[in-house]
Amino acid sequence: MEILHLHRLFLVLVFVLGLGLPCFRVNGNGNGPQQQRRTYIVHVAKSQMPAAFQHHAHWYDSILKSVSGLAHMVYSYDTAAHGFAARLTAEEAILLDALPWVVAVLKELRYKLSTTRTPEFLGLDKISALLPESDSVNEVVVGVLDTGVWPESKSFDDTGLGPVPSGWRGACESGTNFTAANCNRKLIGARFFSKGYEATMGPIDVSKESKSPRDDDGHGTHTASTAAGSAVEGASLFGYAPGTARGMATRARVAAYKVCWSGGCFSSDILAAMEKAVDDGVNVLSVSLDGEMETHFYGDSVAIGAFAAAEKGIFVSCSAGNDGPSSYSLSNVAPWIATVGAGTLDRDFPAYVTLGNGKNFPGVSLYGGNSKGTLLPFVYAGNVSNTTNGNLCRKGTLDPAKVKGKIVLCDRGKNARVQKGSVVKLAGGAGMVLANTAADGEELVPEAHLLPATAVGKKSGDAIKSYLFSDPNPTATILFEGTKVGIQPSPVVAAFSSRGPNSITPEILKPDIIAPGVNILAGWTGAVGPTGLPVDDRRVAFNIISGTSMSCPHVSGLAALLKAAHPDWSPAAIRSALMTTAYVAYKNGGKLQDVATGKDSTPFDRGAGHVDPVSALNPGLVYDLTVEDYLGFLCGLNYTSSQINTLARRNYTCDPSKSYSLYDLNYPSFAASFDSTSGRPTTIKYTRTLTNVGAATGTYKASASSDSAALKIAVVPDTLSFSKAGEKKSFTVTVTGSAMPASTNAFGQLEWSDGKQTVRSPMAFSWF
């Protein structure tokens with residue numbers, strides 16, 4: 001987020017009444033009314049509030065009025081941040097930024113939205129027996145920032161749940177098509193935040209979307225039910241993925257915070273929601289949103305709100321983003337956030353293309369209708385269109401006279417996959433084959449198309465096109481084979497899952513972990529069909545969708561389970577347990593694969609590995625962190641006091657006599673970037689501390705390995721002995737990287753083992 005680093009010397013302040021308020025005004029005369037207003041988030045040094053003000057909100061209001069009589073305050077913040085959001089002209093923003101008690105003025109950003117088989121796949125059928133008390137999960141509240149909630153979903157049935165936790169301070173807000181009566185002992189909180197959205201986009205049209213916590217999109221209901229939905233028998237989407245749908249923490253409570261609307265999710269609303277969630281008393285925050293890639297944490301509203309949450313002991317899980325497989329494509333990379341990438345399940349939905357020449361090609365689909373399997377005329381979209389991009393099957397590009405009654409092959413790209421099928425159907429087509437291009441390779445995403453349709457990979461697509469272009473009378477049909485489980489290898493890293501290295505701090509490896517995020521079945525809204533298209537009049541109780549938006553709530557729900565089992569664990573300890581017990585190899589010994597390359601995945605793709613919740617319950621040792629550790633980390637980034645104040649909401653000055661190293665943050669992974677132009681080896685020293693959370697006594701032996709001769713790794717001491725629970729032991733890791741060409745990557749891992757438990761940390765190094 002852009003910060004206005006502006007010269008403060010040009011403004012002459014005249015103080016009145018001893019309150020420290022400048023009497024300078026931008027009163028709207030001249031250019032004021034004509035200047036375009038936009039929302040800015042103004043961070044204030046609250047500690048400088050004059051004694052004459054009894055409440056911070058009154059002071060913030062005076063600060064705003066001191067530069068403008070026309071500016072409108074949108075929100076006042078006190079928990080997730082200190083300051084306010086307001087509609088300002090650029091000139092007013094400059095004037096505010098010049099005030100000595102204003103630490104930052106940030107332009108608002110728009111963010112975007114980034115299961116029946118999953119519990120069994122993760123081994124959650126075994127986890128209930130391992131929890132110390134069956135009722136402990138009842139006290140955990142998972143807050144979900146998203147598009148709201150569909151309270152009638154069976155995923156939020158409260159049967160068997162006891163009273164709402166006594167420490168809960170939240171509420172169920174009324175609005176369009178939603179009242180407090182829509183909440184229960186499962187869905188214990190529901191709020192909506194639209195002031196920032198409406199300030200920019202105009203009033204919400206309540207005839208088209210609900211100005212309330214009600215979910216008209218489906219995404220929020222899906223993520224909330226994935227994290228903590230109740231068990232629902234007989235769930236499926238058109239018969240696909242049948243079984244009992246359940247969230248990761250079925251007995252945890254849910255609080256929904258609606259921050260996303262038809263035109264996007266705005267940072268002022270997101271920050272306000274995070275503030276309320278902290279005040280309400282959530283234990284876990286699930287945020288399946290991502291925005292523009294930032295260059296500093298103090299410019300990222302999610303990072304700012306998450307810092308406040310972590311300080312209150314709240315675990316924050318965020319999606320890594322869906323911009324893979326490109327390098328440096330991650331979002332939400334702050335070290336106090338659990339950054340979650342996406343992997344696959346061992347489940348698929350095959351739908352084959354059979355050509356008139358007898359050849360079959362595999363594809364995937366969630367089409368819910370009947371298909372007779374009859375060979376029909378087959379055409380390429382580019383040949384039945386009068387436009388240059390007719391191959392993409394965009395609106396109005398197909399000629400109905402050439403399409404009617406035929407199966408159409410469309411190329412993937414530009415417009416939504418389900419919209420392509422809708423375009424074919426509107427033109428009279430009988431079916432669609434959606435072919436991947438080089439940009440998408442072999443990754444297949446099934447969709448609940450409006451007509452018989454299947455998606456095929458690039459290789460199959462090229463072969464099918466060769467038939468289309470060479471046969472004088474091409475024909476085809478599509479055969480749907482339902483649900484298949486036991487697909488191997490699984491999991492694999494999804495191609496869309498965003499990748500490292502970390503663009504802000506390459507010294508911190510991100511993503512942290514991967515979790516199921518492909519073809520996830522979970523609750524859905526009753527407001528729209530499974531495709532979300534206006535023409536889709538089908539209504540379903542569950543839907544199957546993919547994205548890191550789906551993997552994030554898996555980790556959120558698992559964190560709730562760990563919080564229930566270990567209520568004294570910090571958010572950092574919970575993340576450490578999930579990371580150091582994650583697996584990076586299949587049962588046959590092969591390494592986790594990356595579907596984008598067809599090769600072994602790396603820590604830049606999957607972080608510490610794929611989450612293993614059963615092992616995470618008893619990790620043996622954890623890498624713990626405190627807020628003071630994070631403040632030291634910010635000092636290591638050479639942040640100024642004002643920049644740290646923006647994040648940490650306090651006056652904090654780095655000790656000039658102390659040497660701060662980013663490599664000493666007690667993180668459960670190791671990363672660095674080496675200068676390829678140095679021409680000589682580079683040595684980096686890490687300091688780490690492990691806390692014993694397992695058996696009272698134990699001796700752990702270190703083992704470090706690397707896939708590259710360019711790395712030399714030494715651990716001192718290489719043996720740690722613990723004599724009691726809670727005991728801490730420190731060690732150093734020295735990594736020497738040889739001179740290598742730019743864009744070289746090398747990987748390794750460090751394991752501590754007592755013969756029963758293994759505490760594993762990934763290592764990732766890049767040369768620039």
# chains A, B, ... in the order shown; residues from 1 in each chain; ligands from 1
call {"tool": "residues_around", "arguments": {"residues": "region 739-741 of chain A", "least_positions_apart": "4", "cutoff": "8 Å", "atoms": "only C-alpha atoms", "output": "list in words"}}
result
Ser676, Thr677, Ser678, Gly679, Arg680, Pro681, Thr682, Ala710, Trp767 and Phe768 of chain A
call {"tool": "residues_around", "arguments": {"residues": "region 347-356 of chain A", "least_positions_apart": "5", "cutoff": "6 Å", "atoms": "only C-alpha atoms", "output": "PyMOL selection string"}}
result
chain A and resi 361-365+454+475-485+487
call {"tool": "write_last_selection", "arguments": {"atoms": "all heavy atoms", "output": "CSV table (one decimal), in the first residue's frame"}}
result
chain,number,residue,atom,x,y,z
A,361,PHE,N,-9.9,-39.2,-24.6
A,361,PHE,CA,-9.0,-38.3,-23.9
A,361,PHE,C,-9.6,-37.9,-22.6
A,361,PHE,O,-10.8,-37.6,-22.5
A,361,PHE,CB,-8.8,-37.0,-24.8
A,361,PHE,CG,-8.1,-37.2,-26.1
A,361,PHE,CD1,-8.9,-37.5,-27.2
A,361,PHE,CD2,-6.8,-37.2,-26.1
A,361,PHE,CE1,-8.2,-37.7,-28.4
A,361,PHE,CE2,-6.1,-37.5,-27.3
A,361,PHE,CZ,-6.8,-37.7,-28.5
A,362,PRO,N,-8.8,-38.0,-21.5
A,362,PRO,CA,-9.3,-37.8,-20.2
A,362,PRO,C,-9.6,-36.3,-19.9
A,362,PRO,O,-8.8,-35.4,-20.3
A,362,PRO,CB,-8.2,-38.3,-19.3
A,362,PRO,CG,-7.0,-38.1,-20.1
A,362,PRO,CD,-7.4,-38.4,-21.5
A,363,GLY,N,-10.6,-36.0,-19.1
A,363,GLY,CA,-10.9,-34.6,-18.7
A,363,GLY,C,-11.6,-34.7,-17.4
A,363,GLY,O,-11.7,-35.8,-16.7
A,364,VAL,N,-12.1,-33.6,-16.9
A,364,VAL,CA,-12.8,-33.5,-15.6
A,364,VAL,C,-14.0,-32.6,-15.8
A,364,VAL,O,-14.0,-31.7,-16.5
A,364,VAL,CB,-11.9,-33.0,-14.5
A,364,VAL,CG1,-10.8,-33.9,-14.2
A,364,VAL,CG2,-11.4,-31.6,-14.8
A,365,SER,N,-15.1,-32.9,-15.0
A,365,SER,CA,-16.3,-32.1,-15.0
A,365,SER,C,-17.1,-32.4,-13.8
A,365,SER,O,-17.1,-33.5,-13.2
A,365,SER,CB,-17.1,-32.5,-16.3
A,365,SER,OG,-18.3,-31.7,-16.4
A,454,THR,N,-16.5,-30.8,-20.5
A,454,THR,CA,-15.3,-31.3,-19.8
A,454,THR,C,-14.1,-30.5,-20.1
A,454,THR,O,-14.1,-29.8,-21.2
A,454,THR,CB,-15.1,-32.8,-20.2
A,454,THR,OG1,-14.0,-33.3,-19.4
A,454,THR,CG2,-14.7,-32.9,-21.6
A,475,THR,N,-16.7,-35.7,-35.2
A,475,THR,CA,-17.7,-35.9,-34.2
A,475,THR,C,-17.1,-36.2,-32.8
A,475,THR,O,-15.9,-36.6,-32.7
A,475,THR,CB,-18.7,-37.0,-34.6
A,475,THR,OG1,-17.9,-38.2,-34.7
A,475,THR,CG2,-19.4,-36.8,-35.9
A,476,ALA,N,-17.9,-36.0,-31.8
A,476,ALA,CA,-17.4,-36.3,-30.4
A,476,ALA,C,-18.6,-36.5,-29.5
A,476,ALA,O,-19.7,-36.1,-29.8
A,476,ALA,CB,-16.6,-35.1,-29.9
A,477,THR,N,-18.3,-37.1,-28.3
A,477,THR,CA,-19.2,-37.2,-27.2
A,477,THR,C,-18.5,-37.1,-25.9
A,477,THR,O,-17.2,-37.2,-25.9
A,477,THR,CB,-20.1,-38.4,-27.3
A,477,THR,OG1,-21.1,-38.4,-26.3
A,477,THR,CG2,-19.2,-39.7,-27.0
A,478,ILE,N,-19.2,-36.8,-24.9
A,478,ILE,CA,-18.6,-36.7,-23.5
A,478,ILE,C,-19.2,-37.7,-22.6
A,478,ILE,O,-20.4,-37.8,-22.5
A,478,ILE,CB,-18.8,-35.3,-23.0
A,478,ILE,CG1,-18.2,-34.2,-23.9
A,478,ILE,CG2,-18.1,-35.1,-21.6
A,478,ILE,CD1,-18.5,-32.8,-23.6
A,479,LEU,N,-18.3,-38.5,-21.9
A,479,LEU,CA,-18.8,-39.5,-21.0
A,479,LEU,C,-18.4,-39.1,-19.6
A,479,LEU,O,-17.2,-38.9,-19.3
A,479,LEU,CB,-18.2,-40.9,-21.4
A,479,LEU,CG,-18.5,-41.3,-22.8
A,479,LEU,CD1,-17.7,-42.6,-23.1
A,479,LEU,CD2,-20.0,-41.6,-23.0
A,480,PHE,N,-19.4,-39.1,-18.7
A,480,PHE,CA,-19.1,-38.6,-17.3
A,480,PHE,C,-19.1,-39.9,-16.4
A,480,PHE,O,-19.9,-40.7,-16.4
A,480,PHE,CB,-20.2,-37.7,-16.8
A,480,PHE,CG,-20.4,-36.5,-17.7
A,480,PHE,CD1,-21.2,-36.5,-18.8
A,480,PHE,CD2,-19.6,-35.4,-17.5
A,480,PHE,CE1,-21.3,-35.3,-19.6
A,480,PHE,CE2,-19.7,-34.2,-18.3
A,480,PHE,CZ,-20.6,-34.2,-19.4
A,481,GLU,N,-18.0,-40.0,-15.6
A,481,GLU,CA,-17.8,-41.1,-14.7
A,481,GLU,C,-17.9,-40.9,-13.3
A,481,GLU,O,-17.4,-41.7,-12.4
A,481,GLU,CB,-16.4,-41.8,-15.1
A,481,GLU,CG,-16.4,-42.3,-16.5
A,481,GLU,CD,-15.3,-43.3,-16.8
A,481,GLU,OE1,-14.5,-43.5,-15.8
A,481,GLU,OE2,-15.2,-43.8,-17.9
A,482,GLY,N,-18.5,-39.8,-12.8
A,482,GLY,CA,-18.8,-39.5,-11.4
A,482,GLY,C,-17.5,-39.2,-10.6
A,482,GLY,O,-16.6,-38.5,-11.0
A,483,THR,N,-17.4,-39.8,-9.4
A,483,THR,CA,-16.4,-39.5,-8.5
A,483,THR,C,-15.4,-40.7,-8.3
A,483,THR,O,-15.9,-41.8,-8.2
A,483,THR,CB,-17.0,-39.2,-7.1
A,483,THR,OG1,-17.9,-38.1,-7.2
A,483,THR,CG2,-15.9,-38.8,-6.1
A,484,LYS,N,-14.2,-40.4,-8.4
A,484,LYS,CA,-13.2,-41.5,-8.1
A,484,LYS,C,-12.2,-41.0,-7.0
A,484,LYS,O,-11.8,-39.9,-7.0
A,484,LYS,CB,-12.4,-41.8,-9.4
A,484,LYS,CG,-13.2,-42.6,-10.5
A,484,LYS,CD,-12.3,-43.2,-11.5
A,484,LYS,CE,-13.1,-44.1,-12.5
A,484,LYS,NZ,-12.3,-44.7,-13.5
A,485,VAL,N,-11.9,-41.9,-6.1
A,485,VAL,CA,-11.0,-41.6,-5.0
A,485,VAL,C,-9.8,-42.6,-5.1
A,485,VAL,O,-9.8,-43.5,-5.9
A,485,VAL,CB,-11.7,-41.8,-3.6
A,485,VAL,CG1,-12.8,-40.7,-3.5
A,485,VAL,CG2,-12.2,-43.2,-3.4
A,487,ILE,N,-6.8,-41.4,-6.1
A,487,ILE,CA,-6.0,-40.9,-7.2
A,487,ILE,C,-4.6,-40.7,-6.6
A,487,ILE,O,-4.4,-40.1,-5.6
A,487,ILE,CB,-6.5,-39.6,-7.7
A,487,ILE,CG1,-8.0,-39.8,-8.2
A,487,ILE,CG2,-5.7,-39.0,-8.8
A,487,ILE,CD1,-8.2,-40.7,-9.3
call {"tool": "closest_residue", "arguments": {"among": "A:Arg246, A:His296, A:Lys459, A:Arg87", "to": "Asn502 (chain A)", "atoms": "only C-alpha atoms"}}
result
A:His296
call {"tool": "closest_atom_pairs", "arguments": {"of": "region 248-359 of chain A", "to": "region 508-529 of chain A", "cutoff": "6 Å", "atoms": "only C-alpha atoms", "output": "tab-separated table"}}
result
residue	atom	partner	partner_atom	distance
A:Thr339	CA	A:Pro511	CA	5.1
A:Val340	CA	A:Ile513	CA	5.3
A:Gly341	CA	A:Ile514	CA	4.3
A:Ala342	CA	A:Gly517	CA	4.6
A:Gly343	CA	A:Pro516	CA	4.9
A:Thr344	CA	A:Val518	CA	5.0
call {"tool": "write_last_selection", "arguments": {"atoms": "all heavy atoms", "output": "mmCIF file, in the first residue's frame"}}
result
data_model
loop_
_atom_site.group_PDB
_atom_site.id
_atom_site.type_symbol
_atom_site.label_atom_id
_atom_site.label_comp_id
_atom_site.auth_asym_id
_atom_site.auth_seq_id
_atom_site.Cartn_x
_atom_site.Cartn_y
_atom_site.Cartn_z
ATOM 1 N N THR A 339 0.768 -18.471 6.287
ATOM 2 C CA THR A 339 0.507 -18.317 4.856
ATOM 3 C C THR A 339 0.320 -19.697 4.233
ATOM 4 O O THR A 339 1.223 -20.525 4.272
ATOM 5 C CB THR A 339 1.673 -17.582 4.185
ATOM 6 O OG1 THR A 339 1.968 -16.382 4.919
ATOM 7 C CG2 THR A 339 1.343 -17.231 2.753
ATOM 8 N N VAL A 340 -0.857 -19.931 3.641
ATOM 9 C CA VAL A 340 -1.249 -21.282 3.249
ATOM 10 C C VAL A 340 -1.392 -21.410 1.736
ATOM 11 O O VAL A 340 -2.172 -20.700 1.103
ATOM 12 C CB VAL A 340 -2.576 -21.684 3.927
ATOM 13 C CG1 VAL A 340 -2.872 -23.161 3.666
ATOM 14 C CG2 VAL A 340 -2.524 -21.405 5.431
ATOM 15 N N GLY A 341 -0.627 -22.339 1.161
ATOM 16 C CA GLY A 341 -0.756 -22.700 -0.238
ATOM 17 C C GLY A 341 -1.722 -23.861 -0.405
ATOM 18 O O GLY A 341 -2.277 -24.382 0.566
ATOM 19 N N ALA A 342 -1.918 -24.277 -1.656
ATOM 20 C CA ALA A 342 -2.945 -25.280 -1.955
ATOM 21 C C ALA A 342 -2.364 -26.555 -2.551
ATOM 22 O O ALA A 342 -1.479 -26.505 -3.405
ATOM 23 C CB ALA A 342 -3.992 -24.705 -2.906
ATOM 24 N N GLY A 343 -2.902 -27.678 -2.097
ATOM 25 C CA GLY A 343 -2.593 -28.984 -2.665
ATOM 26 C C GLY A 343 -3.869 -29.695 -3.063
ATOM 27 O O GLY A 343 -4.989 -29.224 -2.795
ATOM 28 N N THR A 344 -3.722 -30.836 -3.698
ATOM 29 C CA THR A 344 -4.874 -31.603 -4.163
ATOM 30 C C THR A 344 -5.273 -32.668 -3.148
ATOM 31 O O THR A 344 -4.517 -33.002 -2.234
ATOM 32 C CB THR A 344 -4.566 -32.297 -5.494
ATOM 33 O OG1 THR A 344 -3.512 -33.273 -5.280
ATOM 34 C CG2 THR A 344 -4.107 -31.306 -6.553
#
call {"tool": "residues_around", "arguments": {"residues": "Asn138 (chain A)", "least_positions_apart": "2", "cutoff": "7 Å", "atoms": "only C-alpha atoms", "output": "list in words"}}
result
Asp135, Ser136, Val140, Arg251, Ala252 and Arg253 of chain A
call {"tool": "write_last_selection", "arguments": {"atoms": "C-alpha atoms", "output": "PDB file, in the first residue's frame"}}
result
ATOM      1  CA  ASP A 135     -15.819 -30.430  24.892  1.00  0.00           C
ATOM      2  CA  SER A 136     -12.675 -28.297  24.655  1.00  0.00           C
ATOM      3  CA  VAL A 140     -12.926 -22.089  20.425  1.00  0.00           C
ATOM      4  CA  ARG A 251     -17.633 -28.367  17.301  1.00  0.00           C
ATOM      5  CA  ALA A 252     -15.932 -24.987  17.181  1.00  0.00           C
ATOM      6  CA  ARG A 253     -18.085 -21.890  16.969  1.00  0.00           C
TER       7      ARG A 253
END
call {"tool": "closest_residue", "arguments": {"among": "A:Ala231, A:Ile314, A:Leu106, A:Val433", "to": "Gly281 (chain A)", "atoms": "only C-alpha atoms"}}
result
A:Ile314
call {"tool": "closest_residue", "arguments": {"among": "A:Gly557, A:Pro603, A:Gly405, A:Gly167", "to": "Gly143 (chain A)", "atoms": "only C-alpha atoms"}}
result
A:Gly557
call {"tool": "residues_around", "arguments": {"residues": "Ser262 (chain A)", "least_positions_apart": "2", "cutoff": "12 Å", "atoms": "only C-alpha atoms", "output": "ChimeraX atom specification"}}
result
/A:110-113,146-148,194,197-198,201-206,208-211,215-219,258-260,264-266,532
call {"tool": "closest_residue", "arguments": {"among": "A:Ala559, A:Leu375, A:Ala180, A:Leu434", "to": "Val141 (chain A)", "atoms": "only C-alpha atoms"}}
result
A:Ala559
call {"tool": "residues_around", "arguments": {"residues": "Leu409 (chain A)", "least_positions_apart": "3", "cutoff": "8 Å", "atoms": "only C-alpha atoms", "output": "ChimeraX atom specification"}}
result
/A:378-381,391,432-435
call {"tool": "write_last_selection", "arguments": {"atoms": "N, CA, C and O atoms", "output": "PDB file, in the first residue's frame"}}
result
ATOM      1  N   PHE A 378     -18.833 -31.876 -34.227  1.00  0.00           N
ATOM      2  CA  PHE A 378     -17.829 -31.275 -33.349  1.00  0.00           C
ATOM      3  C   PHE A 378     -17.148 -30.146 -34.102  1.00  0.00           C
ATOM      4  O   PHE A 378     -16.671 -30.328 -35.231  1.00  0.00           O
ATOM      5  N   VAL A 379     -17.085 -28.921 -33.506  1.00  0.00           N
ATOM      6  CA  VAL A 379     -16.503 -27.768 -34.174  1.00  0.00           C
ATOM      7  C   VAL A 379     -15.542 -27.045 -33.233  1.00  0.00           C
ATOM      8  O   VAL A 379     -15.654 -27.146 -32.008  1.00  0.00           O
ATOM      9  N   TYR A 380     -14.616 -26.299 -33.837  1.00  0.00           N
ATOM     10  CA  TYR A 380     -13.690 -25.451 -33.077  1.00  0.00           C
ATOM     11  C   TYR A 380     -14.277 -24.054 -33.022  1.00  0.00           C
ATOM     12  O   TYR A 380     -14.705 -23.491 -34.044  1.00  0.00           O
ATOM     13  N   ALA A 381     -14.306 -23.474 -31.821  1.00  0.00           N
ATOM     14  CA  ALA A 381     -14.944 -22.174 -31.641  1.00  0.00           C
ATOM     15  C   ALA A 381     -14.370 -21.115 -32.572  1.00  0.00           C
ATOM     16  O   ALA A 381     -15.106 -20.260 -33.077  1.00  0.00           O
ATOM     17  N   ASN A 391     -12.118 -18.126 -30.510  1.00  0.00           N
ATOM     18  CA  ASN A 391     -11.705 -19.395 -29.906  1.00  0.00           C
ATOM     19  C   ASN A 391     -11.904 -19.414 -28.394  1.00  0.00           C
ATOM     20  O   ASN A 391     -11.942 -20.475 -27.774  1.00  0.00           O
ATOM     21  N   MET A 432     -19.550 -28.820 -24.666  1.00  0.00           N
ATOM     22  CA  MET A 432     -18.303 -28.066 -24.792  1.00  0.00           C
ATOM     23  C   MET A 432     -17.124 -28.896 -24.314  1.00  0.00           C
ATOM     24  O   MET A 432     -17.216 -29.596 -23.301  1.00  0.00           O
ATOM     25  N   VAL A 433     -16.025 -28.782 -25.030  1.00  0.00           N
ATOM     26  CA  VAL A 433     -14.729 -29.280 -24.577  1.00  0.00           C
ATOM     27  C   VAL A 433     -13.867 -28.045 -24.340  1.00  0.00           C
ATOM     28  O   VAL A 433     -13.678 -27.231 -25.247  1.00  0.00           O
ATOM     29  N   LEU A 434     -13.376 -27.895 -23.123  1.00  0.00           N
ATOM     30  CA  LEU A 434     -12.557 -26.738 -22.756  1.00  0.00           C
ATOM     31  C   LEU A 434     -11.095 -27.175 -22.738  1.00  0.00           C
ATOM     32  O   LEU A 434     -10.696 -28.007 -21.914  1.00  0.00           O
ATOM     33  N   ALA A 435     -10.295 -26.625 -23.647  1.00  0.00           N
ATOM     34  CA  ALA A 435      -8.910 -27.061 -23.815  1.00  0.00           C
ATOM     35  C   ALA A 435      -7.941 -26.075 -23.187  1.00  0.00           C
ATOM     36  O   ALA A 435      -8.012 -24.863 -23.444  1.00  0.00           O
TER      37      ALA A 435
END
call {"tool": "residues_around", "arguments": {"residues": "Cys635 (chain A)", "least_positions_apart": "5", "cutoff": "10 Å", "atoms": "only C-alpha atoms", "output": "MDAnalysis selection string"}}
result
chainID A and resid 629:630 640:641 644 652:656 658:662
call {"tool": "closest_residue", "arguments": {"among": "A:Phe674, A:Phe238, A:Phe496, A:Phe633", "to": "Val540 (chain A)", "atoms": "only C-alpha atoms"}}
result
A:Phe238
call {"tool": "closest_atom_pairs", "arguments": {"of": "region 542-595 of chain A", "to": "region 718-728 of chain A", "cutoff": "12 Å", "atoms": "only C-alpha atoms", "output": "tab-separated table"}}
result
residue	atom	partner	partner_atom	distance
A:Asp568	CA	A:Gly726	CA	11.1
A:Trp569	CA	A:Gly726	CA	10.9
A:Ala573	CA	A:Gly726	CA	11.9
call {"tool": "write_last_selection", "arguments": {"atoms": "N, CA, C and O atoms", "output": "tab-separated table (two decimals), in the first residue's frame"}}
result
chain	number	residue	atom	x	y	z
A	568	ASP	N	-2.83	-23.21	26.10
A	568	ASP	CA	-1.75	-22.31	26.50
A	568	ASP	C	-0.76	-22.03	25.37
A	568	ASP	O	0.15	-21.22	25.54
A	569	TRP	N	-0.93	-22.67	24.23
A	569	TRP	CA	-0.01	-22.45	23.11
A	569	TRP	C	-0.26	-21.09	22.47
A	569	TRP	O	-1.40	-20.66	22.29
A	573	ALA	N	3.40	-21.00	18.33
A	573	ALA	CA	3.60	-22.40	18.68
A	573	ALA	C	2.68	-23.30	17.86
A	573	ALA	O	3.08	-24.39	17.42
call {"tool": "select_by_dssp", "arguments": {"residues": "region 528-636 of chain A", "states": "strand (DSSP E)", "output": "list of chain:residue names"}}
result
A:Phe542, A:Asn543, A:Ile544, A:Ile545, A:Gln593, A:Asp594, A:Lys599, A:Asp600, A:Leu621, A:Val622
call {"tool": "atom_distance", "arguments": {"atom1": "CA of Leu578 (chain A)", "atom2": "CA of Val254 (chain A)"}}
result
21.5 Å
call {"tool": "closest_residue", "arguments": {"among": "A:Asp346, A:Arg191, A:Ile407, A:Ala416", "to": "Lys395 (chain A)", "atoms": "only C-alpha atoms"}}
result
A:Ala416
